[in-house]
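Structure file coords-v5.cif; described as mmCIF, C-alpha atoms.
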```cif
data_coords
#
loop_
_atom_site.label_atom_id
_atom_site.label_comp_id
_atom_site.auth_asym_id
_atom_site.auth_seq_id
_atom_site.Cartn_x
_atom_site.Cartn_y
_atom_site.Cartn_z
CA ALA C 1 170.28 48.36 123.34
CA ALA C 2 173.09 50.32 124.94
CA ILE C 3 172.58 53.98 125.86
CA GLY C 4 175.71 56.07 125.59
CA ARG C 5 177.24 59.36 124.53
CA PHE C 6 179.35 60.39 121.57
CA ASP C 7 181.50 63.40 120.78
CA GLY C 8 182.36 65.31 117.63
CA GLN C 9 185.13 62.94 116.66
CA THR C 10 182.70 60.01 116.78
CA GLU C 11 180.30 61.93 114.55
CA ALA C 12 183.05 62.51 112.03
CA ALA C 13 183.68 58.76 111.88
CA ALA C 14 179.99 57.80 111.73
CA MET C 15 178.77 55.87 108.72
CA SER C 16 175.97 57.06 106.45
CA ASN C 17 173.85 54.07 107.47
CA ASP C 18 173.74 55.33 111.08
CA ALA C 19 170.74 57.49 112.03
CA ASP C 20 171.17 61.03 113.39
CA PRO C 21 167.79 62.37 114.68
CA ASP C 22 167.58 66.08 115.47
CA ASN C 23 165.90 66.21 118.88
CA ARG C 24 165.17 69.94 118.67
CA ASN C 25 162.08 71.79 117.53
CA ASP C 26 161.51 73.11 114.02
CA VAL C 27 162.12 76.71 115.15
CA ASP C 28 165.63 75.68 116.26
CA ASP C 29 166.29 73.82 113.03
CA ALA C 30 165.35 76.87 110.94
CA VAL C 31 168.40 78.89 112.05
CA GLY C 32 170.95 76.08 112.24
CA THR C 33 171.24 72.45 111.23
CA LYS C 34 173.66 69.67 110.38
CA LYS C 35 175.54 69.60 107.09
CA LYS C 36 175.66 66.49 104.94
CA GLY C 37 178.14 63.88 106.07
CA GLY C 38 178.54 61.30 108.80
CA ALA C 39 175.34 59.68 110.07
CA THR C 40 172.12 60.21 108.07
CA TYR C 41 170.32 63.31 109.33
CA ILE C 42 166.65 62.87 110.32
CA ASP C 43 164.37 65.83 111.02
CA PRO C 44 161.32 64.87 113.14
CA LYS C 45 159.74 68.28 112.36
CA MET C 46 158.52 68.88 115.90
CA ARG C 47 156.82 72.01 117.16
CA LYS C 48 157.50 71.09 120.80
CA SER C 49 159.39 68.37 122.64
CA THR C 50 156.24 66.41 123.50
CA ASP C 51 155.80 65.73 119.77
CA PHE C 52 158.68 63.24 120.00
CA THR C 53 156.48 60.40 121.26
CA SER C 54 154.02 60.79 118.38
CA TRP C 55 156.85 60.98 115.86
CA LEU C 56 158.49 57.84 117.21
CA ALA C 57 155.18 55.96 117.04
CA GLU C 58 154.85 56.52 113.29
CA PRO C 59 155.61 53.44 111.13
CA GLU C 60 157.79 55.54 108.82
CA THR C 61 159.96 56.62 111.74
CA LYS C 62 160.46 53.08 112.98
CA LYS C 63 161.47 52.00 109.48
CA LYS C 64 164.14 54.72 109.36
CA LEU C 65 165.62 53.68 112.72
CA GLU C 66 165.41 49.88 112.66
CA GLY C 67 168.79 48.19 112.56
CA LYS C 68 170.63 51.51 112.89
CA THR C 69 172.93 53.02 115.48
CA VAL C 70 170.92 56.03 116.62
CA MET C 71 173.06 59.11 117.34
CA MET C 72 170.73 61.92 118.41
CA PHE C 73 171.62 65.50 119.23
CA CYS C 74 169.99 68.61 120.70
CA THR C 75 170.85 72.12 121.90
CA GLY C 76 172.79 71.36 125.07
CA GLY C 77 172.12 67.70 125.77
CA ILE C 78 169.16 68.01 128.17
CA ARG C 79 166.35 67.03 125.81
CA CYS C 80 168.37 64.05 124.60
CA GLU C 81 168.53 62.64 128.13
CA ARG C 82 164.81 62.03 128.12
CA ALA C 83 164.43 61.24 124.43
CA SER C 84 167.22 58.65 124.36
CA ALA C 85 165.74 56.82 127.36
CA TYR C 86 162.27 56.84 125.80
CA LEU C 87 163.56 55.65 122.42
CA ASN C 88 165.51 52.85 124.07
CA THR C 89 162.38 51.77 125.96
CA LYS C 90 160.28 51.63 122.79
CA MET C 91 162.83 50.44 120.21
CA GLY C 92 165.84 49.21 122.18
CA GLU C 93 165.60 45.72 120.72
CA ASP C 94 165.23 47.02 117.16
CA VAL C 95 168.29 49.29 116.99
CA LYS C 96 172.01 48.65 117.44
CA GLY C 97 172.40 51.33 120.09
CA VAL C 98 171.13 54.70 121.28
CA TYR C 99 173.63 57.53 121.74
CA GLN C 100 173.44 61.27 122.35
CA LEU C 101 175.89 64.05 121.54
CA GLN C 102 177.82 64.85 124.71
CA GLY C 103 177.04 68.41 125.75
CA GLY C 104 174.85 68.95 122.69
CA ILE C 105 175.58 71.41 119.90
CA GLU C 106 176.74 73.91 122.53
CA ARG C 107 179.84 71.86 123.36
CA TYR C 108 180.25 70.65 119.77
CA LEU C 109 180.76 74.22 118.51
CA GLN C 110 183.29 74.83 121.27
CA ALA C 111 185.21 71.73 120.20
CA PHE C 112 184.99 72.66 116.50
CA PRO C 113 185.39 76.47 116.20
CA GLU C 114 185.13 76.22 112.41
CA GLY C 115 181.71 74.56 112.68
CA GLY C 116 182.51 70.95 111.80
CA PHE C 117 179.36 69.33 110.47
CA TRP C 118 177.29 72.31 111.64
CA ARG C 119 175.81 75.07 109.51
CA GLY C 120 174.14 78.17 110.89
CA LYS C 121 173.50 78.87 114.56
CA ASN C 122 172.50 77.03 117.69
CA PHE C 123 169.35 78.60 119.15
CA VAL C 124 169.86 78.67 122.93
CA PHE C 125 167.74 79.46 125.99
CA ASP C 126 169.59 82.41 127.49
CA LYS C 127 170.37 86.03 126.62
CA ARG C 128 172.84 84.98 123.92
CA GLU C 129 169.81 84.04 121.75
CA ALA C 130 171.76 82.08 119.13
CA VAL C 131 175.39 80.95 118.99
CA GLY C 132 177.39 80.21 115.84
CA ALA C 133 180.85 78.91 115.05
CA GLY C 134 183.34 81.49 116.31
CA ASN C 135 180.53 83.54 117.86
CA PHE C 136 180.28 82.23 121.41
CA ASN C 137 178.81 85.47 122.75
CA GLY C 138 175.75 85.01 120.54
CA ASP C 139 173.40 87.45 118.84
CA GLY C 140 171.51 88.63 121.92
CA GLY C 141 170.41 92.26 121.93
CA VAL C 142 169.19 94.67 119.30
CA VAL C 143 169.54 94.06 115.56
CA ARG C 144 172.67 95.94 114.60
CA THR C 145 173.64 97.20 111.17
CA ARG C 146 176.74 95.48 109.83
CA PRO C 147 179.67 97.31 108.23
CA GLY C 148 178.87 97.87 104.60
CA GLY C 149 175.11 97.69 105.14
CA GLY C 150 172.66 94.98 106.10
CA THR C 151 171.59 93.71 109.50
CA GLY C 152 172.05 90.68 111.67
CA GLY C 153 169.92 88.50 109.43
CA GLY C 154 171.65 88.82 106.08
CA ASP C 155 174.22 86.02 106.24
CA GLU C 156 174.44 84.34 102.84
CA LYS C 157 175.60 81.13 104.58
CA LEU C 158 172.27 80.69 106.35
CA PRO C 159 170.69 77.23 106.18
CA ALA C 160 167.67 76.66 103.96
CA GLY C 161 164.56 77.94 105.74
CA ALA C 162 166.30 80.79 107.55
CA GLU C 163 164.20 83.53 106.03
CA CYS C 164 161.61 86.09 107.02
CA SER C 165 158.11 84.61 107.12
CA GLY C 166 156.75 87.84 105.71
CA CYS C 167 158.90 88.78 102.71
CA GLY C 168 161.22 85.78 102.27
CA ARG C 169 164.36 87.80 102.88
CA PRO C 170 167.29 85.82 104.40
CA TRP C 171 166.92 86.18 108.17
CA ASP C 172 167.85 84.12 111.24
CA ARG C 173 166.73 86.06 114.32
CA TYR C 174 163.58 85.66 116.37
CA VAL C 175 162.83 89.26 117.27
CA GLY C 176 159.57 91.01 118.05
CA LYS C 177 158.01 87.97 119.76
CA ARG C 178 155.94 87.13 116.68
CA LYS C 179 154.11 83.80 116.69
CA CYS C 180 152.76 81.53 113.98
CA TYR C 181 149.09 82.33 113.40
CA THR C 182 148.16 78.65 113.06
CA CYS C 183 150.31 76.83 115.66
CA GLY C 184 151.81 79.45 117.96
CA VAL C 185 155.53 78.74 117.51
CA PRO C 186 157.92 81.70 117.09
CA VAL C 187 158.37 82.88 113.50
CA LEU C 188 161.29 84.67 111.85
CA VAL C 189 160.32 88.25 110.98
CA CYS C 190 162.91 90.69 109.61
CA ASP C 191 163.36 94.24 110.86
CA ALA C 192 161.83 95.64 107.67
CA CYS C 193 158.56 93.72 108.05
CA MET C 194 158.46 94.48 111.77
CA SER C 195 158.76 98.21 111.13
CA GLY C 196 156.58 98.17 108.02
CA SER C 197 159.26 99.47 105.64
CA ALA C 198 158.73 98.90 101.92
CA GLY C 199 160.32 96.08 100.00
CA GLY C 200 161.97 94.39 103.01
CA GLY C 201 165.11 96.44 102.50
CA GLY C 202 165.79 97.21 106.12
CA LYS C 203 165.21 100.97 105.90
CA LYS C 204 162.75 102.65 108.18
CA ARG C 205 159.31 103.41 106.76
CA LYS C 206 158.66 107.00 105.82
CA LYS C 207 155.77 108.65 107.57
CA LYS C 208 152.70 108.59 105.35
CA LYS C 209 150.89 111.72 104.39
CA LYS C 210 147.18 111.98 104.90
CA GLY C 211 145.32 109.90 102.31
CA GLU C 212 148.49 108.13 101.11
CA GLU C 213 148.27 104.35 100.61
CA GLY C 214 150.76 101.97 102.21
CA GLY C 215 153.44 100.62 99.87
CA LYS C 216 154.43 97.07 99.00
CA GLY C 217 155.79 95.12 101.94
CA THR C 218 154.30 97.38 104.60
CA SER C 219 152.42 96.10 107.62
CA ASP C 220 149.88 98.87 107.89
CA GLY C 221 147.86 98.78 104.67
CA GLY C 222 148.09 98.89 100.91
CA GLU C 223 148.57 96.26 98.24
CA GLY C 224 151.08 93.53 99.11
CA ARG C 225 151.22 94.54 102.78
CA VAL C 226 152.66 92.13 105.33
CA ASP C 227 150.29 91.43 108.21
CA VAL C 228 152.78 90.23 110.85
CA SER C 229 149.93 89.08 113.10
CA LYS C 230 148.90 86.36 110.64
CA LEU C 231 152.22 84.91 109.51
CA ARG C 232 152.66 81.13 109.41
CA CYS C 233 155.76 79.10 110.19
CA PRO C 234 157.41 77.01 107.43
CA LEU C 235 156.07 73.78 108.94
CA CYS C 236 152.46 75.00 108.84
CA LYS C 237 152.94 76.14 105.26
CA ASP C 238 154.35 72.74 104.23
CA GLU C 239 151.51 70.89 105.98
CA GLY C 240 148.78 73.18 104.63
CA ILE C 241 147.64 74.28 108.10
CA THR C 242 145.05 77.05 107.95
CA VAL C 243 142.98 76.93 111.17
CA PRO C 244 144.09 79.67 113.64
CA ALA C 245 145.81 78.40 116.80
CA ASP C 246 143.10 80.13 118.86
CA ASP C 247 140.55 77.78 117.30
CA VAL C 248 142.48 74.65 118.29
CA GLU C 249 141.94 72.94 121.63
CA PHE C 250 144.27 70.56 123.42
CA THR C 251 143.63 66.82 123.69
CA ASP C 252 145.57 63.90 125.20
CA ASN C 253 146.45 65.91 128.30
CA GLY C 254 147.77 68.81 126.25
CA VAL C 255 150.01 66.79 123.95
CA ARG C 256 147.90 67.01 120.81
CA GLY C 257 145.42 69.48 119.37
CA ARG C 258 142.22 69.42 117.33
CA SER C 259 139.97 72.00 115.71
CA ARG C 260 136.89 73.11 117.61
CA ASP C 261 135.04 72.69 114.31
CA PRO C 262 134.44 68.90 114.05
CA SER C 263 133.22 69.20 110.45
CA GLY C 264 136.62 70.35 109.24
CA SER C 265 134.99 72.97 107.02
CA SER C 266 137.17 75.71 108.51
CA GLY C 267 140.33 74.08 107.13
CA LYS C 268 143.17 71.92 108.39
CA ALA C 269 144.25 72.31 112.00
CA SER C 270 147.71 71.65 113.42
CA LYS C 271 147.95 68.47 115.49
CA SER C 272 150.37 70.30 117.77
CA VAL C 273 150.05 73.88 119.01
CA LEU C 274 151.87 76.09 121.50
CA LYS C 275 149.72 78.11 123.89
CA TRP C 276 148.99 78.33 127.57
CA GLY C 277 146.42 75.99 129.09
CA GLY C 278 145.58 72.36 128.48
CA GLY C 279 142.79 69.82 128.17
CA HIS C 280 139.39 70.83 126.83
CA ALA C 281 139.57 74.36 128.20
CA SER C 282 136.61 75.61 126.14
CA GLY C 283 134.39 72.87 127.56
CA LYS C 284 135.45 73.62 131.13
CA LYS C 285 134.49 77.28 130.75
CA GLU C 286 130.97 76.26 129.79
#
```
Encoded form (structure tokens):
Amino acid sequence: AAIGRFDGQTEAAAMSNDADPDNRNDVDDAVGTKKKGGATYIDPKMRKSTDFTSWLAEPETKKKLEGKTVMMFCTGGIRCERASAYLNTKMGEDVKGVYQLQGGIERYLQAFPEGGFWRGKNFVFDKREAVGAGNFNGDGGVVRTRPGGGTGGGDEKLPAGAECSGCGRPWDRYVGKRKCYTCGVPVLVCDACMSGSAGGGGKKRKKKKKGEEGGKGTSDGGEGRVDVSKLRCPLCKDEGITVPADDVEFTDNGVRGRSRDPSGSSGKASKSVLKWGGGHASGKKE
């Protein structure tokens, strides 16, 4: 099949029977994604880019793409360069064509200042942090209070899934370098849960008196507290993942993961984890 590029105007004219795979990771998709319209949106639900090969090998994936014009997109176009070539190698004869969004979402939002088919923000890899329609400077920096109250994570137009992993409050910023307890990907944690303030309201926690119990929503004790060190990402929650990432070792040259407990009695482990190292590290240490 042909490998090419398409722009925003092509996307607007795309038919619903064309396939539009999101070649980003789930953490990117949580803060911004495509609206309905144009080609049919497909979410591979990847934790890292190397999950793409496993996703493409699944029979369900092939069924979704067969006979379609594949129009994939990613943050700035780089990941699509590799993914489009790989997809064409594996399924080139089964699809009508393989195309990638020219310049990625980065250029798309510049071409369509009102957002076009996009909702939310584009999570980028520089100090801007995340860029939205009409906000090309991004969110980088501290969480600032907005006029009239609220912080940088309270936008009512946020896509589904853009919420704090601790209290469920609408939130779309990855601050505090918090990671998923069971797979290691970044998780969204609001300023209230990070600081331990009660109720997720964004106000700073009052200093406790001696012998006083922590309130609801705090991170330092008490009923209903939020332990930010053991939060799970939405994908792990949906998949029922319970085994800590520290108890998962890499296989297949670091592409996949498996629990160190072969019996499975400790729960379900993520097949893909993010952490430094690779191979059977635990075995090498012995």
Subject >> Residues in the PyMOL selection byres ((chain C and resi 65-79) around 6), expressed as a ChimeraX atom specification >> reply: /C:18-24,62-64,80-82,94-101,103-106
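We find CA of Cys233 (chain C) and CA of Asp191 (chain C) to be spaced 17.0 Å apart.
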Tell me which protein, DNA and RNA residues are within 12 Å of Ile241 (chain C), counting all atoms listed in the file, leaving out same-chain ones fewer than 4 positions away, and put them as a short mmCIF file (atom, residue, chain, number, x, y, z; two decimals) with C-alpha atoms, in the coordinates of the input.
```cif
data_model
loop_
_atom_site.label_atom_id
_atom_site.label_comp_id
_atom_site.auth_asym_id
_atom_site.auth_seq_id
_atom_site.Cartn_x
_atom_site.Cartn_y
_atom_site.Cartn_z
CA CYS C 180 152.76 81.53 113.98
CA TYR C 181 149.09 82.33 113.40
CA THR C 182 148.16 78.65 113.06
CA CYS C 183 150.31 76.83 115.66
CA GLY C 184 151.81 79.45 117.96
CA LEU C 231 152.22 84.91 109.51
CA ARG C 232 152.66 81.13 109.41
CA CYS C 233 155.76 79.10 110.19
CA PRO C 234 157.41 77.01 107.43
CA LEU C 235 156.07 73.78 108.94
CA CYS C 236 152.46 75.00 108.84
CA LYS C 237 152.94 76.14 105.26
CA ALA C 245 145.81 78.40 116.80
CA VAL C 248 142.48 74.65 118.29
CA ARG C 258 142.22 69.42 117.33
CA SER C 259 139.97 72.00 115.71
CA GLY C 264 136.62 70.35 109.24
CA SER C 266 137.17 75.71 108.51
CA GLY C 267 140.33 74.08 107.13
CA LYS C 268 143.17 71.92 108.39
CA ALA C 269 144.25 72.31 112.00
CA SER C 270 147.71 71.65 113.42
CA LYS C 271 147.95 68.47 115.49
CA SER C 272 150.37 70.30 117.77
CA VAL C 273 150.05 73.88 119.01
#
```
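CA of Ser54 (chain C) lies 11.8 Å from CA of Tyr86 (chain C).
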Running the PyMOL selection byres ((chain C and resi 46) around 9) on this model by hand, what would come out? Give it as a compact mmCIF listing (two decimals) with C-alpha atoms, in the frame of the given file.
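Contents of the output file out_18.txt:
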```txt
# COMPACT_ATOMS: atom_id res chain seq x y z
CA ASN C 23 165.90 66.21 118.88
CA ARG C 24 165.17 69.94 118.67
CA ASN C 25 162.08 71.79 117.53
CA ASP C 26 161.51 73.11 114.02
CA VAL C 27 162.12 76.71 115.15
CA ASP C 43 164.37 65.83 111.02
CA PRO C 44 161.32 64.87 113.14
CA LYS C 45 159.74 68.28 112.36
CA ARG C 47 156.82 72.01 117.16
CA LYS C 48 157.50 71.09 120.80
CA SER C 49 159.39 68.37 122.64
CA THR C 50 156.24 66.41 123.50
CA ASP C 51 155.80 65.73 119.77
CA PHE C 52 158.68 63.24 120.00
CA TRP C 55 156.85 60.98 115.86
CA LEU C 235 156.07 73.78 108.94
CA SER C 272 150.37 70.30 117.77
```
